[in-house]
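Enquirer: Sharing a structure, written as structure tokens. Questions coming.
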Amino acid sequence: MSRGRRGLPGWQGASLVAITYVYFLIFAQFAFLARLAALGLAGAHLKTVMGAMAFGGVLFSLLAPRVSLWPSPNLRLRIGLAVSGAAAFLSLLPLGTAAAIVVSFMIGAGLGVVTVTVATHLRLWAADRNPLLMVGVGTGVGYLICNLPALFTASAFVQALVAGVLCMAGIGITLLSATATVEDAEARPHSDFGFVRVLACFAALVWLDSAAFFIIQNTPALKAGTWVGTVHLVVNGLLHFAAALAAVWLLPRRGLAIVLSAAFVALGAACLLLLHPERAALASCFYPIGVSLYSVALVAYPSLLAPASIVAERGRMAGWIYAIAGWAGSAMGIGMGQNLGYVPPVFVLAAGAVVLLPWLVKFVLHRKREFAMTAAVLLLAFYANRALTKVDAPVQLSQVERGRHVYISEGCIHCHSQYVRPNSADVQMWGPAETIDELRLQHPPLIGNRRQGPDLSQVGGRRSPLWLKAHFYNPPEVSGASIMPSYGFLFQDQRGDDLVAYLASLHGVGTKQHVAGERLWQPSTGAVQSADAALGERLYRRDCATCHAADGRTRLSWQAKFKRLPPDLLVGPYFYLPPLGPDAPRLMRIAQITRFGVPGTDMSGHEYLSDVEIASISQWLSQQIARSLQKQ
Amino acid sequence: MKSNTLDEPASLTNEERAAANAAWHGLFWLVLANAVGVLIALLLIFPALNRQLGEWTYGRWIMVHMNLELYGWTSIPMAGFLFKVYGADREPMARWARTVLWVWSAALGVGVFSWLSGHSSGKLFLDWSGYARVLFSAAMLTLWLYLSISFFKNRSEKCSTASWAGKLAGLLVLLAVPFLIYVAADPGIYPAVNPDTGGPTGASQLESSLVIVAILLMLPYGLTLRKAGSSRIIAVSWLVLVAESLICAALGRADISHLHPLQYVSLGSLLAWLPLMPAYYATFEWHAATRRWRQAFLWWWGALLITGWVFFLPGVLDHFKFTDGLVGHSFVAMAGFTSSLIIFVMVQLLGEGGWIFNRTRSFYAWQFCVIAYILLMTAAGWREGFDPAFTIAPGMARNALYVLRLVAGALMLLASLDWLVDASTLVREPVAVQIDVALEKTA
């Protein structure tokens, strides 16, 4: 067993794991490809060069545990690191195709020797007490370093240089370790996980990982959503590190099957999310978690968990894992990325069958009673529901009724009330109150209990169908301060138009009288005195310009759909304002329109603005209009 | 129960194992609900994140959050309590306890999928619709069936006639629950409305509060024994409950405003429970490990009574209705009172196994974050009551409060995760992989 170490126990093991991962990820998978591209290698030449790397990797992964020429693990590791480092430095030269093939082979061969040697003899360099922790820390730190913005965004030249220097540092670490030819103690793991099954699981996971990596790397829209920006990279790095530590925690407590299953769930989710570029950011959360979970296991299994009775057997297992799962799985994943450009859901399903199915079968057999009972109740409820549905014969719903169902489905009730409290400020803001009898005609009444947004019980009297539709597509574009999410997806079928029809139908008998009352409203004298034209301009830019500026986004998006194209208010015409004359009536009318809109048109109100804000907009706009009218 | 370490599964008695399983299932849903709560808090600060969620937008997640807190976290541990009351945690029935919990959790899982798929009745806390609605009632019936069989299988055990009759009456009441939930989820049925706010009337709030009081008064009988010479306070408590129930019945179920003095005065009668409930609980023998959570639940009970009444008063309710102020108040009820009560019950059921809830870090993280959350939401509601644009068109102040709320929520999630991880050590079976060091022949 390891001996003669001072300071942090096992740091050498963690460092070697980290160095191996950094070299593989930032150089072999990343910088070297960029160097080849810079050298003008493409097509068949590029495939040959990369093929040489895979060949070297597979060959030396399998040979490393069998060659008895250098029995000392330290010496073998030094040689592997020296070859890897030399390849990194050589890649900085202006290589021709033949030289690139040689360097590529060296990278594969060096990595083959390093990975298998580190995994086989990890206990020489890791601590006695918790070698698994060292594997996790090494893996987490490795990924964290790769995601450091300074390194991730550095040139291929710098990345190759760093990889080479790290290999030299690795050699230094092995020199600090005491000379040993064999370990005098070894882990005797207890695992019910067969080797072939483990190999298949790792191959499936590496395949998924490599395909996802290649696709992200080569799809600008996906790359922009996952690996661009300092914050994003740091978050990715931290997620990697946290997931690596989670794997360390889970492995001894819940076993390899759970870790690999969790890794599959995360990676599979990432692959499926990558099918939609707009969800790339979410995929970027799952991807590092999945990768780090299985990456820890990829080192921990051959080094600590594999059911090997002798070290040589452990080495052979490591060799097969890195040759088959590592190199072949990786090549297959990259091939899938190159040829398809996406990971087919059916492949995710197949990978899931490889990783999860044996575990699921075992779990189901272990919990027969629970599964049987649950299935029975599910089935019973299914038939009961079918019988009850038959009793309630389906009825043909109107568009408004369908829209109401959409309102309920989307949980609109959690942000929007439909209840104007009588004799309160609600009435002026949201419209006339309903009676309880009117309310009870609704099944169920959608009163709600929270207003993250406006009350909607009279929204049909305050907003036109076009405004509602435009707002559903892009709320902040239409209403600058809106925090409502986009519901554009509802318009992919009839749900969107149904919902608009429902909302447009929401106005009571008191609407006409209420509108007449709005014409009498004026901002308070205090508000008019406190009005600030600068604030008014700011609010105008936020809430009005989207329709009333020539380049307003809502105006441009929906121009043909408006009942009448909204006028550019800095130019005119001004349909609803008194003609040139004293300022006061114009100010008041602008305030009323700003607050309540113009009934029967697409001009909406801004009921939630304070009197001072309304008066400010009114003041600034009135000044602009006066100037415009004078010019005319 | 034998004390355990992280690497060694605990050896539990059947009773403790049934309770531990109920605790685990409840905590699983609590963690999920809290995680969804954190997501919701994030979405309110960064609405652009909704784009990443496709059709699973904010409104659908709220349904998941609210229903999981109620039907997962609050309900499943109470099933553990019922196991004990009806002897379902003893052989030969104990082996079925986990099965019943699985059925309940499966129904919740289907519910989650149903809400995220946009199926809802449109009624808050009663979003069950379609297949999920039938399945959840079926899951409750499965529990009832299990309790009934256990009860009749244990009838030969020594038990007073009063106790036997009480349990039988309890079974009959429990039988009504699945059907009541099913019917209550019908969109055609709606409770009395306060015409001045659109919320519940004072009478309906009194009614639901008295149901809670009745449960609180019955709970100790299923959990422990009475101290000697403690009958007076018990008798007074039950008499007060009867008197208040009569008041409630007299108030009826009409749509009456909170401005009506009879409404807020009658609701104020609940303040009698401020001194009564702690005195009532002091008349029973409790496991020493419950002390911390028992005190917490009684403090929260007091806070709930006071804030519940104050928030209903004319002027106060008018100011806070539809604002975050009432979100804060619901937090007093759910995260403060109910959660502390549930954990107190769990600790009593688990006995020594109650250590999973008694870590100082998670206890104080939870309690302080709940208090912080309530204060933050009350402050937000206070501002919003004067100016609805405070949340409709959010500015710096609202965002700052919401960021602090997010931090509090995240810490509560961590506390619940801590409990779940510990609960897992109670219920899990021998580990699949162990790494130990032994001598081995070298190559």
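Scheme for the structure tokens: letters A, B, ... for chains in order shown; per-chain residue numbers from 1; ligand numbers from 1 in order shown.
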Given only C-alpha atoms, how would the per-residue table for chain A near chain B read, listing every residue at most 6 Å away with its closest atom pair and distance in Å to one decimal, sorted by chain and number, as a Markdown table?

Expert:
| residue | atom | partner | partner_atom | distance |
| --- | --- | --- | --- | --- |
| A:Ala185 | CA | B:Leu439 | CA | 4.9 |
| A:Glu186 | CA | B:Glu440 | CA | 5.5 |
| A:Ala187 | CA | B:Val437 | CA | 4.8 |
| A:Pro189 | CA | B:Ile435 | CA | 5.5 |
| A:His190 | CA | B:Val433 | CA | 5.4 |
| A:Ser191 | CA | B:Val433 | CA | 5.2 |
| A:Pro252 | CA | B:Gln434 | CA | 5.5 |
| A:Arg253 | CA | B:Val431 | CA | 5.8 |
| A:Gly255 | CA | B:Ala432 | CA | 5.0 |
| A:Arg279 | CA | B:Gln52 | CA | 4.7 |
| A:Ile310 | CA | B:Thr442 | CA | 5.6 |
| A:Val311 | CA | B:Ala443 | CA | 5.7 |
| A:Ala312 | CA | B:Ala443 | CA | 5.7 |
| A:Glu370 | CA | B:Thr99 | CA | 4.6 |
| A:Thr374 | CA | B:Val103 | CA | 4.9 |
| A:Ala381 | CA | B:Leu135 | CA | 5.0 |
| A:Asn385 | CA | B:Tyr131 | CA | 5.7 |
| A:Ile408 | CA | B:Gly122 | CA | 5.1 |
| A:Ser409 | CA | B:Gly118 | CA | 4.2 |
| A:Glu410 | CA | B:Gly59 | CA | 5.5 |
| A:Gly411 | CA | B:Gly59 | CA | 4.1 |
| A:Cys412 | CA | B:Gly59 | CA | 5.9 |
| A:Arg421 | CA | B:Thr197 | CA | 5.6 |
| A:His443 | CA | B:Gly188 | CA | 4.9 |
| A:Pro444 | CA | B:Pro187 | CA | 4.5 |
| A:Asn449 | CA | B:Phe322 | CA | 5.2 |
| A:Arg450 | CA | B:Phe322 | CA | 4.3 |
| A:Arg451 | CA | B:Phe322 | CA | 5.4 |
| A:Gln452 | CA | B:Ile392 | CA | 5.6 |
| A:Gly453 | CA | B:Ile392 | CA | 4.9 |
| A:Ala481 | CA | B:Ala393 | CA | 4.9 |
| A:Ile483 | CA | B:Pro47 | CA | 5.7 |
| A:Pro485 | CA | B:Asn50 | CA | 5.9 |
| A:Tyr608 | CA | B:Ala389 | CA | 5.3 |

Enquirer: Could you jot down the atom CA of A:Leu305 to atom CA of A:Ile334 separation for me, Å, one decimal place?

Expert: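 A separation of 28.6 Å between them.
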
Enquirer: Go ahead and compute the interatomic distance for atom CA of B:Glu15 and atom CA of B:Ala162, in Å to one decimal.

Expert: 23.4 Å

Enquirer: Could you tell me how far atom CA of B:Ala410 lies from atom CA of A:Cys146, in Å and to one decimal?

Expert: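 Atom CA of A:Cys146 lies 28.2 Å from atom CA of B:Ala410.
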
Enquirer: Give me the residues near stretch 212-225 of chain B as a VMD selection string, where near means some atom within 7 Å (using only C-alpha atoms) and where sequence neighbours in that chain fewer than 3 positions away do not count.

Expert: chain B and resid 85 208 to 209 284 to 286

Enquirer: Store the residues of this selection in a file with N, CA and C atoms, as a PDB file, in the first residue's frame.

Expert:
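What ended up in part.pdb:
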ATOM      1  N   VAL B  85     -52.234   4.047  14.910  1.00  0.00           N
ATOM      2  CA  VAL B  85     -53.538   4.044  15.580  1.00  0.00           C
ATOM      3  C   VAL B  85     -54.268   2.719  15.332  1.00  0.00           C
ATOM      4  N   SER B 208     -62.983  25.449   9.000  1.00  0.00           N
ATOM      5  CA  SER B 208     -61.768  24.676   8.687  1.00  0.00           C
ATOM      6  C   SER B 208     -60.784  24.696   9.850  1.00  0.00           C
ATOM      7  N   SER B 209     -60.748  25.819  10.584  1.00  0.00           N
ATOM      8  CA  SER B 209     -59.842  25.877  11.738  1.00  0.00           C
ATOM      9  C   SER B 209     -60.280  24.894  12.824  1.00  0.00           C
ATOM     10  N   PHE B 284     -49.929  15.317  28.302  1.00  0.00           N
ATOM     11  CA  PHE B 284     -49.578  13.994  27.751  1.00  0.00           C
ATOM     12  C   PHE B 284     -48.081  13.741  27.916  1.00  0.00           C
ATOM     13  N   GLU B 285     -47.751  12.443  27.918  1.00  0.00           N
ATOM     14  CA  GLU B 285     -46.342  12.027  28.019  1.00  0.00           C
ATOM     15  C   GLU B 285     -45.736  12.043  26.613  1.00  0.00           C
ATOM     16  N   TRP B 286     -44.628  12.739  26.454  1.00  0.00           N
ATOM     17  CA  TRP B 286     -44.007  12.810  25.129  1.00  0.00           C
ATOM     18  C   TRP B 286     -42.583  12.292  25.182  1.00  0.00           C
TER      19      TRP B 286
END

Enquirer: Name all residues at most 7 Å from B:Trp419 (count only C-alpha atoms; drop same-chain ones fewer than 3 positions away) and give them as a PDB file with N, CA and C atoms, in the first residue's frame.

Expert:
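Saved result, part_26.pdb, follows:
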ATOM      1  N   ILE B 356     -33.244  11.842  13.028  1.00  0.00           N
ATOM      2  CA  ILE B 356     -33.116  12.341  11.649  1.00  0.00           C
ATOM      3  C   ILE B 356     -33.667  13.754  11.516  1.00  0.00           C
ATOM      4  N   PHE B 357     -34.588  14.143  12.398  1.00  0.00           N
ATOM      5  CA  PHE B 357     -35.152  15.497  12.322  1.00  0.00           C
ATOM      6  C   PHE B 357     -34.513  16.445  13.332  1.00  0.00           C
ATOM      7  N   ALA B 415     -32.350  22.036   4.013  1.00  0.00           N
ATOM      8  CA  ALA B 415     -32.740  21.435   5.300  1.00  0.00           C
ATOM      9  C   ALA B 415     -33.586  20.188   5.062  1.00  0.00           C
ATOM     10  N   SER B 416     -34.530  20.290   4.130  1.00  0.00           N
ATOM     11  CA  SER B 416     -35.400  19.124   3.867  1.00  0.00           C
ATOM     12  C   SER B 416     -34.605  17.984   3.234  1.00  0.00           C
ATOM     13  N   ASP B 422     -31.044  11.566   5.736  1.00  0.00           N
ATOM     14  CA  ASP B 422     -31.012  10.812   6.999  1.00  0.00           C
ATOM     15  C   ASP B 422     -32.130   9.766   7.054  1.00  0.00           C
ATOM     16  N   ALA B 423     -33.297  10.141   6.547  1.00  0.00           N
ATOM     17  CA  ALA B 423     -34.412   9.178   6.542  1.00  0.00           C
ATOM     18  C   ALA B 423     -34.072   7.975   5.665  1.00  0.00           C
TER      19      ALA B 423
END

Enquirer: Need to verify the contact set: A:Ala266, 9 Å, only C-alpha atoms, exclusion of same-chain residues closer than 3 positions in sequence. Can you return it as a list of chain:residue names?

Expert: A:Ser261, A:Ala262, A:Ala263, A:Ala269, A:Ala270, A:Cys271, A:Ala283, A:Cys285, A:Phe286, A:Tyr287, A:Pro288, A:Ile289, A:Gly290, A:Val291

Enquirer: Set the distance at 9 Å and use only C-alpha atoms: which residues neighbour B:Gly308 once local chain neighbours fewer than 4 positions away are removed? I'd like the list as a PyMOL selection string.

Expert: chain B and resi 267+303-304+312+329+333

Enquirer: Keeping N, CA and C atoms, export the residues of the selection given above as a short mmCIF file (atom, residue, chain, number, x, y, z; two decimals), in the first residue's frame.

Expert:
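Resulting contents of result_20.cif:
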data_model
loop_
_atom_site.label_atom_id
_atom_site.label_comp_id
_atom_site.auth_asym_id
_atom_site.auth_seq_id
_atom_site.Cartn_x
_atom_site.Cartn_y
_atom_site.Cartn_z
N LEU B 267 -64.61 34.50 14.49
CA LEU B 267 -63.30 33.96 14.14
C LEU B 267 -62.31 34.21 15.28
N ALA B 303 -48.76 31.71 16.52
CA ALA B 303 -48.56 32.72 15.46
C ALA B 303 -49.67 32.62 14.42
N LEU B 304 -50.06 31.40 14.12
CA LEU B 304 -51.10 31.19 13.11
C LEU B 304 -52.44 31.75 13.58
N PHE B 312 -57.66 38.89 8.96
CA PHE B 312 -59.07 38.85 8.54
C PHE B 312 -59.81 40.14 8.92
N HIS B 329 -48.66 34.71 5.07
CA HIS B 329 -49.52 34.09 6.08
C HIS B 329 -49.71 32.59 5.81
N ALA B 333 -48.88 29.00 8.07
CA ALA B 333 -49.71 27.80 8.20
C ALA B 333 -48.97 26.55 7.75
#

Enquirer: Within 8 Å of A:Gln522, counting only C-alpha atoms, which residues show up once you throw out same-chain ones fewer than 5 positions away? Write them as an mmCIF file with C-alpha atoms, in the first residue's frame, please.

Expert:
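Listed below is the output, around.cif:
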data_model
loop_
_atom_site.group_PDB
_atom_site.id
_atom_site.type_symbol
_atom_site.label_atom_id
_atom_site.label_comp_id
_atom_site.auth_asym_id
_atom_site.auth_seq_id
_atom_site.Cartn_x
_atom_site.Cartn_y
_atom_site.Cartn_z
ATOM 1 C CA MET A 588 -55.633 65.524 -19.430
ATOM 2 C CA ALA A 591 -53.332 61.044 -19.262
ATOM 3 C CA GLN A 592 -56.729 59.388 -19.694
#

Enquirer: So, with only C-alpha atoms as the atoms that count, which of B:Ala23, B:Val421, B:Met346, B:Ala41 lies closest to B:Val403?

Expert: B:Ala41

Enquirer: Restricting the calculation to only C-alpha atoms, which member of A:Gly136, A:Gln442, A:Phe363, A:Ser479 is positioned closest to A:Tyr294?

Expert: A:Gly136

Enquirer: With only C-alpha atoms as the atoms that count, which of A:Leu397, A:Leu379, A:Leu205, A:Val231 lies nearest to A:Leu356?

Expert: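 Of A:Leu397, A:Leu379, A:Leu205, A:Val231, the one nearest A:Leu356 is A:Leu205, counting only C-alpha atoms.
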
Enquirer: A:Thr219, A:Thr139, A:Gln12, A:Ser155: which is nearest A:Gly237, counting only C-alpha atoms?

Expert: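 The answer is A:Thr139, which sits nearest to A:Gly237.
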
Enquirer: Would you return as an NGL selection string the members of stretch 147-308 of chain A that DSSP assigns to helix (DSSP H, G or I) on this structure's backbone?

Expert: :A and (149-152 or 156-176 or 195-218 or 220-226 or 230-273 or 277-305)

Enquirer: Given the selection you just returned, output its residues as a file containing C-alpha atoms, formatted as a tab-separated table (two decimals), in the first residue's frame.

Expert:
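What landed in again.tsv:
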chain	number	residue	atom	x	y	z
A	149	PRO	CA	-12.70	30.69	-18.80
A	150	ALA	CA	-9.02	31.59	-19.16
A	151	LEU	CA	-8.13	28.06	-20.27
A	152	PHE	CA	-11.36	27.18	-22.07
A	156	ALA	CA	-5.08	25.88	-29.07
A	157	PHE	CA	-1.39	26.75	-28.75
A	158	VAL	CA	-1.78	27.74	-25.08
A	159	GLN	CA	-4.00	24.74	-24.34
A	160	ALA	CA	-1.45	22.33	-25.86
A	161	LEU	CA	1.29	24.03	-23.90
A	162	VAL	CA	-0.67	23.67	-20.66
A	163	ALA	CA	-1.32	19.99	-21.41
A	164	GLY	CA	2.37	19.37	-22.00
A	165	VAL	CA	3.41	21.19	-18.83
A	166	LEU	CA	0.85	19.26	-16.82
A	167	CYS	CA	2.32	15.97	-18.09
A	168	MET	CA	5.73	17.11	-16.87
A	169	ALA	CA	4.18	18.01	-13.53
A	170	GLY	CA	2.65	14.50	-13.45
A	171	ILE	CA	6.11	13.01	-13.88
A	172	GLY	CA	7.28	15.16	-10.99
A	173	ILE	CA	4.47	13.80	-8.83
A	174	THR	CA	5.46	10.21	-9.55
A	175	LEU	CA	9.03	11.08	-8.56
A	176	LEU	CA	7.74	12.21	-5.16
A	195	PHE	CA	-17.94	-6.78	-15.54
A	196	VAL	CA	-19.53	-7.12	-18.98
A	197	ARG	CA	-22.55	-5.17	-17.81
A	198	VAL	CA	-20.35	-2.42	-16.42
A	199	LEU	CA	-18.45	-2.31	-19.69
A	200	ALA	CA	-21.70	-1.99	-21.67
A	201	CYS	CA	-22.97	0.76	-19.36
A	202	PHE	CA	-19.76	2.77	-19.65
A	203	ALA	CA	-19.74	2.34	-23.44
A	204	ALA	CA	-23.32	3.62	-23.67
A	205	LEU	CA	-22.56	6.61	-21.44
A	206	VAL	CA	-19.32	7.55	-23.23
A	207	TRP	CA	-21.15	7.24	-26.54
A	208	LEU	CA	-23.88	9.63	-25.36
A	209	ASP	CA	-21.34	12.03	-23.86
A	210	SER	CA	-19.13	12.15	-26.94
A	211	ALA	CA	-22.07	12.59	-29.30
A	212	ALA	CA	-23.50	15.41	-27.19
A	213	PHE	CA	-20.08	17.06	-26.87
A	214	PHE	CA	-19.44	16.92	-30.60
A	215	ILE	CA	-22.91	18.23	-31.44
A	216	ILE	CA	-22.65	21.15	-29.03
A	217	GLN	CA	-19.15	21.95	-30.22
A	218	ASN	CA	-20.20	22.01	-33.87
A	220	PRO	CA	-23.24	27.43	-33.03
A	221	ALA	CA	-26.77	27.82	-31.63
A	222	LEU	CA	-26.19	25.06	-29.09
A	223	LYS	CA	-22.68	26.22	-28.23
A	224	ALA	CA	-24.00	29.73	-27.59
A	225	GLY	CA	-26.50	28.33	-25.10
A	226	THR	CA	-24.08	26.06	-23.26
A	230	THR	CA	-17.61	33.48	-18.21
A	231	VAL	CA	-20.52	32.91	-15.85
A	232	HIS	CA	-21.77	29.97	-17.85
A	233	LEU	CA	-18.36	28.31	-17.92
A	234	VAL	CA	-17.79	28.82	-14.21
A	235	VAL	CA	-21.24	27.41	-13.45
A	236	ASN	CA	-20.49	24.41	-15.69
A	237	GLY	CA	-17.22	23.86	-13.86
A	238	LEU	CA	-18.88	24.07	-10.46
A	239	LEU	CA	-21.63	21.68	-11.55
A	240	HIS	CA	-18.95	19.24	-12.67
A	241	PHE	CA	-17.18	19.51	-9.34
A	242	ALA	CA	-20.38	19.16	-7.30
A	243	ALA	CA	-21.50	16.14	-9.34
A	244	ALA	CA	-18.10	14.50	-8.88
A	245	LEU	CA	-18.39	14.89	-5.11
A	246	ALA	CA	-21.97	13.61	-5.27
A	247	ALA	CA	-20.66	10.49	-7.04
A	248	VAL	CA	-18.14	10.01	-4.22
A	249	TRP	CA	-20.97	10.23	-1.71
A	250	LEU	CA	-23.31	7.96	-3.64
A	251	LEU	CA	-20.94	5.16	-4.69
A	252	PRO	CA	-20.34	3.57	-1.28
A	253	ARG	CA	-23.87	4.28	-0.06
A	254	ARG	CA	-26.10	3.46	-3.03
A	255	GLY	CA	-23.79	1.53	-5.31
A	256	LEU	CA	-22.51	1.76	-8.85
A	257	ALA	CA	-25.89	1.03	-10.44
A	258	ILE	CA	-27.47	4.16	-8.95
A	259	VAL	CA	-24.55	6.36	-9.99
A	260	LEU	CA	-24.58	5.09	-13.55
A	261	SER	CA	-28.38	5.33	-13.68
A	262	ALA	CA	-28.29	8.92	-12.44
A	263	ALA	CA	-25.56	9.71	-14.97
A	264	PHE	CA	-27.72	8.25	-17.72
A	265	VAL	CA	-30.79	10.23	-16.64
A	266	ALA	CA	-28.81	13.47	-16.69
A	267	LEU	CA	-27.00	12.74	-19.96
A	268	GLY	CA	-30.13	11.40	-21.65
A	269	ALA	CA	-32.07	14.50	-20.59
A	270	ALA	CA	-29.27	16.70	-21.97
A	271	CYS	CA	-29.31	14.86	-25.31
A	272	LEU	CA	-33.09	15.18	-25.61
A	273	LEU	CA	-33.03	18.86	-24.64
A	277	PRO	CA	-31.75	24.80	-29.38
A	278	GLU	CA	-33.90	27.12	-27.26
A	279	ARG	CA	-33.45	24.69	-24.38
A	280	ALA	CA	-29.69	24.45	-24.68
A	281	ALA	CA	-29.20	26.36	-21.43
A	282	LEU	CA	-31.19	23.74	-19.54
A	283	ALA	CA	-29.24	20.97	-21.30
A	284	SER	CA	-26.06	22.65	-20.13
A	285	CYS	CA	-27.14	22.02	-16.52
A	286	PHE	CA	-27.76	18.31	-17.05
A	287	TYR	CA	-24.74	17.61	-19.23
A	288	PRO	CA	-21.95	18.35	-16.70
A	289	ILE	CA	-23.82	16.50	-13.96
A	290	GLY	CA	-24.15	13.36	-16.07
A	291	VAL	CA	-20.58	13.52	-17.33
A	292	SER	CA	-18.99	13.98	-13.92
A	293	LEU	CA	-21.10	11.29	-12.28
A	294	TYR	CA	-19.98	8.61	-14.71
A	295	SER	CA	-16.45	10.00	-15.03
A	296	VAL	CA	-15.80	9.36	-11.34
A	297	ALA	CA	-17.14	5.85	-11.74
A	298	LEU	CA	-15.00	5.37	-14.85
A	299	VAL	CA	-11.89	5.77	-12.70
A	300	ALA	CA	-13.28	4.35	-9.46
A	301	TYR	CA	-14.59	1.13	-10.96
A	302	PRO	CA	-11.36	-0.32	-12.39
A	303	SER	CA	-9.25	1.08	-9.56
A	304	LEU	CA	-11.42	0.36	-6.51
A	305	LEU	CA	-14.64	-1.48	-7.28

Enquirer: Taking only C-alpha atoms into account, which of A:Val509, A:Leu565, A:Ala18, A:Val58 comes nearest A:Val141?

Expert: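 Between A:Val509, A:Leu565, A:Ala18, A:Val58, the residue approaching A:Val141 most closely is A:Ala18.
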